[in-house]
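**Q** Dropping in protein01.pdb, which is PDB, C-alpha atoms:
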```pdb
ATOM      1  CA  MET A 604     115.246 101.700 128.973
ATOM      2  CA  THR A 605     114.165 101.532 125.366
ATOM      3  CA  GLU A 606     110.560 100.979 124.405
ATOM      4  CA  ARG A 607     110.152  97.970 122.083
ATOM      5  CA  ARG A 608     107.171  96.627 120.197
ATOM      6  CA  ILE A 609     106.327  93.182 121.547
ATOM      7  CA  ILE A 610     103.266  92.442 119.430
ATOM      8  CA  LEU A 611     101.437  93.692 116.347
ATOM      9  CA  GLU A 612      97.961  92.426 115.482
ATOM     10  CA  MET A 613      95.573  93.400 112.714
ATOM     11  CA  GLY A 614      91.817  93.131 112.447
ATOM     12  CA  THR A 615      88.818  94.196 110.414
ATOM     13  CA  GLY A 616      85.325  95.170 111.425
ATOM     14  CA  ASN A 617      82.236  96.497 109.759
ATOM     15  CA  ASP A 618      78.877  98.127 110.189
ATOM     16  CA  LEU A 619      76.649  96.880 107.409
ATOM     17  CA  TYR A 620      73.555  99.033 107.777
ATOM     18  CA  GLY A 621      74.096 101.911 110.192
ATOM     19  CA  GLU A 622      77.090 103.656 108.601
ATOM     20  CA  ASP A 623      78.543 103.848 112.124
ATOM     21  CA  TYR A 624      82.295 104.308 111.757
ATOM     22  CA  THR A 625      82.949 104.003 115.498
ATOM     23  CA  LYS A 626      81.091 100.686 115.665
ATOM     24  CA  ALA A 627      83.097  99.348 112.704
ATOM     25  CA  ALA A 628      86.346 100.553 114.342
ATOM     26  CA  CYS A 629      85.477  98.870 117.659
ATOM     27  CA  ARG A 630      84.713  95.638 115.848
ATOM     28  CA  ALA A 631      88.081  95.825 114.076
ATOM     29  CA  VAL A 632      89.801  96.247 117.456
ATOM     30  CA  HIS A 633      87.930  93.244 118.866
ATOM     31  CA  ASP A 634      88.921  91.173 115.828
ATOM     32  CA  ALA A 635      92.594  92.059 116.327
ATOM     33  CA  LEU A 636      92.463  91.379 120.077
ATOM     34  CA  HIS A 637      90.942  87.954 119.538
ATOM     35  CA  HIS A 638      94.022  86.941 117.533
ATOM     36  CA  SER A 639      96.448  87.381 120.408
ATOM     37  CA  SER A 640      97.199  86.331 123.942
ATOM     38  CA  ILE A 641     100.085  88.054 125.677
ATOM     39  CA  VAL A 642     101.026  85.638 128.457
ATOM     40  CA  LEU A 643     104.359  87.264 129.244
ATOM     41  CA  PHE A 644     102.788  89.648 131.753
ATOM     42  CA  LYS A 645     101.765  86.871 134.107
ATOM     43  CA  SER A 646     104.683  84.605 133.185
ATOM     44  CA  LEU A 647     107.355  87.243 133.822
ATOM     45  CA  GLY A 648     105.598  89.294 136.484
ATOM     46  CA  ILE A 649     105.331  92.410 134.302
ATOM     47  CA  ASP A 650     102.612  94.916 135.203
ATOM     48  CA  HIS A 651     100.367  95.342 132.145
ATOM     49  CA  ARG A 652     100.046  99.058 132.978
ATOM     50  CA  GLU A 653     103.628  99.445 131.730
ATOM     51  CA  MET A 654     102.424  98.586 128.227
ATOM     52  CA  ARG A 655     101.631 101.355 125.763
ATOM     53  CA  VAL A 656      99.111 100.317 123.124
ATOM     54  CA  GLN A 657      99.129 102.126 119.796
ATOM     55  CA  VAL A 658      95.951 101.642 117.790
ATOM     56  CA  THR A 659      95.680 102.791 114.203
ATOM     57  CA  ILE A 660      92.215 102.710 112.668
ATOM     58  CA  GLY A 661      91.674 103.070 108.926
ATOM     59  CA  VAL A 662      88.269 104.218 107.655
ATOM     60  CA  GLN A 663      87.048 106.251 104.715
ATOM     61  CA  GLU A 664      85.777 109.065 106.975
ATOM     62  CA  PRO A 665      88.188 109.315 109.948
ATOM     63  CA  GLU A 666      86.398 112.301 111.473
ATOM     64  CA  LYS A 667      83.367 110.067 112.144
ATOM     65  CA  VAL A 668      85.254 107.793 114.589
ATOM     66  CA  ASP A 669      85.108 108.550 118.311
ATOM     67  CA  ALA A 670      88.681 107.649 119.324
ATOM     68  CA  ALA A 671      87.820 107.705 123.049
ATOM     69  CA  VAL A 672      85.170 105.014 122.541
ATOM     70  CA  VAL A 673      87.673 102.892 120.593
ATOM     71  CA  ALA A 674      90.335 103.354 123.318
ATOM     72  CA  ALA A 675      87.849 102.159 125.956
ATOM     73  CA  GLU A 676      87.654  98.788 124.129
ATOM     74  CA  LEU A 677      91.227  97.915 125.107
ATOM     75  CA  PRO A 678      91.391  95.776 128.254
ATOM     76  CA  ARG A 679      95.042  96.473 129.152
ATOM     77  CA  GLY A 680      97.717  99.099 128.820
ATOM     78  CA  ARG A 681      97.670 102.810 128.054
ATOM     79  CA  ALA A 682      95.808 103.290 124.785
ATOM     80  CA  GLU A 683      96.629 105.791 122.067
ATOM     81  CA  VAL A 684      94.229 105.820 119.096
ATOM     82  CA  ASN A 685      95.058 107.372 115.742
ATOM     83  CA  VAL A 686      92.370 107.383 113.051
ATOM     84  CA  VAL A 687      93.518 107.667 109.442
ATOM     85  CA  HIS A 688      92.038 107.473 105.975
ATOM     86  CA  GLY A 689      91.751 103.845 104.900
ATOM     87  CA  GLY A 690      89.259 101.043 105.222
ATOM     88  CA  LEU A 691      86.510 100.707 102.648
ATOM     89  CA  ASN A 692      82.982 101.904 101.963
ATOM     90  CA  VAL A 693      80.869  99.565  99.869
ATOM     91  CA  HIS A 694      77.779 101.240  98.476
ATOM     92  CA  ASP A 695      74.717  99.166  97.588
ATOM     93  CA  PRO A 696      72.701 101.250  95.118
ATOM     94  CA  VAL A 697      69.765  98.841  95.164
ATOM     95  CA  GLN A 698      69.317  99.046  98.945
ATOM     96  CA  GLU A 699      70.671 102.607  99.080
ATOM     97  CA  THR A 700      73.018 101.712 101.931
ATOM     98  CA  THR A 701      76.738 102.033 102.522
ATOM     99  CA  HIS A 702      78.593  99.259 104.309
ATOM    100  CA  VAL A 703      81.514 100.591 106.359
ATOM    101  CA  VAL A 704      84.649  98.456 106.675
ATOM    102  CA  ALA A 705      87.335  99.491 109.179
ATOM    103  CA  THR A 706      90.821  98.116 109.632
ATOM    104  CA  ALA A 707      92.818  98.149 112.858
ATOM    105  CA  ALA A 708      96.489  97.684 113.650
ATOM    106  CA  ILE A 709      97.304  97.291 117.335
ATOM    107  CA  ALA A 710     100.901  97.536 118.521
ATOM    108  CA  ALA A 711     101.851  96.759 122.122
ATOM    109  CA  LEU A 712     105.068  98.341 123.384
ATOM    110  CA  LEU A 713     106.996  97.789 126.608
ATOM    111  CA  PRO A 714     110.032  99.525 128.092
ATOM    112  CA  LEU A 715     112.766  96.893 127.992
ATOM    113  CA  GLU A 716     116.269  97.108 129.343
ATOM    114  CA  GLU A 717     118.811  97.072 126.510
ATOM    115  CA  GLY A 718     120.457  93.643 126.271
ATOM    116  CA  ALA A 719     118.090  92.004 128.768
ATOM    117  CA  TRP A 720     116.557  89.810 126.049
ATOM    118  CA  ARG A 721     117.882  88.103 122.981
ATOM    119  CA  LEU A 722     116.456  85.812 120.339
ATOM    120  CA  CYS A 723     117.729  82.280 119.993
ATOM    121  CA  ASP A 724     117.375  79.859 117.098
ATOM    122  CA  GLY A 725     115.851  77.096 119.205
ATOM    123  CA  ALA A 726     119.128  75.124 119.437
ATOM    124  CA  GLU A 727     120.460  77.538 122.016
ATOM    125  CA  SER A 728     119.192  77.812 125.553
ATOM    126  CA  PRO A 729     117.554  81.145 126.353
ATOM    127  CA  ARG A 730     119.223  83.159 129.100
TER
END
```
The structure in this file should be written as structure tokens.
**A**
Amino acid sequence: MTERRIILEMGTGNDLYGEDYTKAACRAVHDALHHSSIVLFKSLGIDHREMRVQVTIGVQEPEKVDAAVVAAELPRGRAEVNVVHGGLNVHDPVQETTHVVATAAIAALLPLEEGAWRLCDGAESPR
């Protein structure tokens, strides 16, 4: 079986006053998760534990993100979290604070039998 990506969602999150990169990353994950609903598990009788979930977090200081805490935010699948340089820090010199903005990309992958699924243009009947 070949593993195929079945969904890709993006989200953003922030921590405005605490400079907490993990909090901003978790909020980005929640934002991405709230944009999707994967009904195929129940509809097709697929065990969600078969799904591998790749999470990429972008922040200005990747070493300040606790990847295990971010992984615990995912409700389904086997999580893998990779933290990279990205996101945005917005410094407010008047208030002497830095607002942390994180981005998240979440990819869900399933092992699918080659040829078991095909796309149709809507005029065709699915298998």
**Q** Would you list the contacts of Leu712 (chain A) as a PDB file with C-alpha atoms, in the frame of the given file, taking every protein, DNA or RNA residue within 6 Å and counting all atoms listed in the file, but skipping same-chain residues closer than 4 positions in sequence?
**A**
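result20.pdb, freshly written:
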```pdb
ATOM      1  CA  ARG A 607     110.152  97.970 122.083  1.00  0.00           C
ATOM      2  CA  ARG A 608     107.171  96.627 120.197  1.00  0.00           C
ATOM      3  CA  ILE A 609     106.327  93.182 121.547  1.00  0.00           C
ATOM      4  CA  MET A 654     102.424  98.586 128.227  1.00  0.00           C
ATOM      5  CA  ARG A 655     101.631 101.355 125.763  1.00  0.00           C
TER       6      ARG A 655
END
```
**Q** Which residues fall under the PyMOL selection byres ((chain A and resi 613-615) around 10) in this file, as JSON, numbers by chain?
**A** {"A": [611, 612, 616, 617, 627, 628, 629, 630, 631, 632, 633, 634, 635, 636, 637, 638, 639, 658, 659, 660, 661, 690, 704, 705, 706, 707, 708, 709, 710]}
**Q** Please write the residues picked by the PyMOL selection byres ((chain A and resi 689) around 7) on this file as JSON, numbers by chain.
**A** {"A": [661, 662, 663, 687, 688, 690, 691]}
**Q** What does the PyMOL selection byres ((chain A and resi 641) around 10) select in this file, as number ranges by chain?
**A** A: 609-610, 639-640, 642-646, 651, 711
**Q** So which residues touch region 622-624 of chain A within 7 Å, counting all atoms listed in the file, skipping near sequence neighbours fewer than 5 positions away, as a PyMOL selection string?
**A** chain A and resi 667-668+701-703
**Q** Please compute the CA of Val697 (chain A)-CA of Lys626 (chain A) distance, one decimal, in Å.
**A** 23.5 Å
**Q** With all atoms listed in the file as the atoms that count, which of A:Thr625, A:Asp618, A:Gly718, A:His694 lies nearest to Ala671 (chain A)?
**A**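 Distance minimum relative to Ala671 (chain A) lands on A:Thr625.
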**Q** Counting only C-alpha atoms, which of A:Glu653, A:Glu717, A:Asp695, A:Glu606 gets nearest to Ala682 (chain A)?
**A**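 That would be A:Glu653, the residue with the smallest distance to Ala682 (chain A).
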**Q** Quick check, in Å to one decimal: how far apart do CA of Leu647 (chain A) and CA of Thr605 (chain A) lie?
**A**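 Spanning CA of Leu647 (chain A) to CA of Thr605 (chain A) is a straight-line distance of 17.9 Å.
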**Q** To one decimal in Å, tell me the separation between CA of Arg679 (chain A) and CA of Ile649 (chain A).
**A**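 Atom-to-atom, CA of Arg679 (chain A) and CA of Ile649 (chain A) are spaced 12.2 Å apart.
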**Q** Can you spit out region 654-689 of chain A with N, CA, C and O atoms, as a compact mmCIF listing (two decimals), in the first residue's frame, from the structure just given?
**A**
```txt
# COMPACT_ATOMS: atom_id res chain seq x y z
N MET A 654 -4.18 6.76 10.35
CA MET A 654 -3.78 8.05 9.78
C MET A 654 -2.50 8.57 10.45
O MET A 654 -2.39 8.60 11.66
N ARG A 655 -1.57 8.99 9.60
CA ARG A 655 -0.38 9.68 10.09
C ARG A 655 -0.62 11.17 9.86
O ARG A 655 -1.07 11.57 8.80
N VAL A 656 -0.33 11.97 10.87
CA VAL A 656 -0.58 13.41 10.79
C VAL A 656 0.76 14.13 10.88
O VAL A 656 1.45 14.05 11.89
N GLN A 657 1.11 14.81 9.80
CA GLN A 657 2.34 15.60 9.77
C GLN A 657 1.99 17.05 10.05
O GLN A 657 1.20 17.65 9.32
N VAL A 658 2.59 17.60 11.09
CA VAL A 658 2.35 18.99 11.45
C VAL A 658 3.65 19.76 11.27
O VAL A 658 4.69 19.35 11.80
N THR A 659 3.59 20.83 10.52
CA THR A 659 4.73 21.72 10.39
C THR A 659 4.34 23.06 10.99
O THR A 659 3.32 23.65 10.61
N ILE A 660 5.13 23.50 11.96
CA ILE A 660 4.91 24.77 12.64
C ILE A 660 6.01 25.73 12.23
O ILE A 660 7.19 25.38 12.26
N GLY A 661 5.63 26.95 11.85
CA GLY A 661 6.59 27.99 11.52
C GLY A 661 6.55 29.10 12.55
O GLY A 661 5.49 29.68 12.79
N VAL A 662 7.68 29.34 13.21
CA VAL A 662 7.81 30.44 14.17
C VAL A 662 9.21 31.03 14.03
O VAL A 662 10.12 30.38 13.51
N GLN A 663 9.39 32.23 14.53
CA GLN A 663 10.68 32.89 14.44
C GLN A 663 11.75 32.24 15.31
O GLN A 663 12.92 32.31 14.99
N GLU A 664 11.34 31.59 16.40
CA GLU A 664 12.31 30.92 17.28
C GLU A 664 11.85 29.48 17.52
O GLU A 664 11.26 29.16 18.55
N PRO A 665 12.13 28.59 16.56
CA PRO A 665 11.65 27.20 16.62
C PRO A 665 12.05 26.45 17.90
O PRO A 665 11.28 25.62 18.38
N GLU A 666 13.19 26.76 18.44
CA GLU A 666 13.67 26.05 19.63
C GLU A 666 12.80 26.33 20.86
O GLU A 666 12.88 25.62 21.87
N LYS A 667 11.94 27.33 20.79
CA LYS A 667 11.07 27.68 21.92
C LYS A 667 9.72 26.98 21.88
O LYS A 667 8.87 27.24 22.72
N VAL A 668 9.51 26.10 20.90
CA VAL A 668 8.24 25.36 20.80
C VAL A 668 8.43 23.97 21.36
O VAL A 668 9.36 23.25 20.99
N ASP A 669 7.53 23.56 22.25
CA ASP A 669 7.53 22.20 22.79
C ASP A 669 6.68 21.34 21.85
O ASP A 669 5.45 21.37 21.90
N ALA A 670 7.34 20.60 20.97
CA ALA A 670 6.65 19.80 19.95
C ALA A 670 5.72 18.75 20.56
O ALA A 670 4.67 18.45 20.00
N ALA A 671 6.08 18.21 21.71
CA ALA A 671 5.22 17.20 22.37
C ALA A 671 3.90 17.81 22.80
O ALA A 671 2.84 17.16 22.70
N VAL A 672 3.92 19.04 23.29
CA VAL A 672 2.69 19.72 23.68
C VAL A 672 1.82 19.97 22.45
O VAL A 672 0.61 19.76 22.48
N VAL A 673 2.43 20.38 21.35
CA VAL A 673 1.69 20.61 20.11
C VAL A 673 1.08 19.30 19.61
O VAL A 673 -0.10 19.25 19.24
N ALA A 674 1.84 18.21 19.63
CA ALA A 674 1.34 16.90 19.18
C ALA A 674 0.14 16.45 19.99
O ALA A 674 -0.80 15.85 19.45
N ALA A 675 0.13 16.77 21.28
CA ALA A 675 -0.98 16.37 22.16
C ALA A 675 -2.29 17.08 21.80
O ALA A 675 -3.36 16.63 22.22
N GLU A 676 -2.22 18.15 21.01
CA GLU A 676 -3.42 18.89 20.61
C GLU A 676 -4.22 18.17 19.53
O GLU A 676 -5.37 18.50 19.28
N LEU A 677 -3.60 17.19 18.87
CA LEU A 677 -4.27 16.51 17.76
C LEU A 677 -5.18 15.40 18.29
O LEU A 677 -4.73 14.52 19.02
N PRO A 678 -6.44 15.42 17.90
CA PRO A 678 -7.40 14.46 18.46
C PRO A 678 -7.36 13.07 17.83
O PRO A 678 -7.87 12.12 18.40
N ARG A 679 -6.75 12.94 16.65
CA ARG A 679 -6.76 11.67 15.93
C ARG A 679 -5.41 11.44 15.26
O ARG A 679 -4.66 12.35 14.96
N GLY A 680 -5.15 10.19 14.98
CA GLY A 680 -3.96 9.83 14.20
C GLY A 680 -2.68 9.81 15.01
O GLY A 680 -2.67 10.03 16.21
N ARG A 681 -1.61 9.49 14.30
CA ARG A 681 -0.26 9.45 14.89
C ARG A 681 0.46 10.73 14.48
O ARG A 681 0.78 10.93 13.30
N ALA A 682 0.70 11.59 15.44
CA ALA A 682 1.24 12.92 15.14
C ALA A 682 2.76 12.93 15.03
O ALA A 682 3.46 12.28 15.81
N GLU A 683 3.23 13.70 14.05
CA GLU A 683 4.64 14.01 13.90
C GLU A 683 4.71 15.54 13.77
O GLU A 683 4.08 16.10 12.87
N VAL A 684 5.47 16.19 14.64
CA VAL A 684 5.56 17.65 14.62
C VAL A 684 6.97 18.08 14.25
O VAL A 684 7.94 17.61 14.86
N ASN A 685 7.05 18.94 13.27
CA ASN A 685 8.32 19.52 12.83
C ASN A 685 8.20 21.03 12.98
O ASN A 685 7.28 21.63 12.43
N VAL A 686 9.12 21.63 13.71
CA VAL A 686 9.09 23.08 13.92
C VAL A 686 10.22 23.71 13.12
O VAL A 686 11.37 23.29 13.23
N VAL A 687 9.85 24.70 12.30
CA VAL A 687 10.81 25.34 11.41
C VAL A 687 10.78 26.86 11.60
O VAL A 687 9.85 27.40 12.22
N HIS A 688 11.76 27.51 11.02
CA HIS A 688 11.79 28.97 11.07
C HIS A 688 10.72 29.52 10.14
O HIS A 688 10.60 29.10 8.99
N GLY A 689 9.90 30.40 10.63
CA GLY A 689 8.82 31.00 9.86
C GLY A 689 8.01 31.90 10.77
O GLY A 689 8.55 32.50 11.70
```
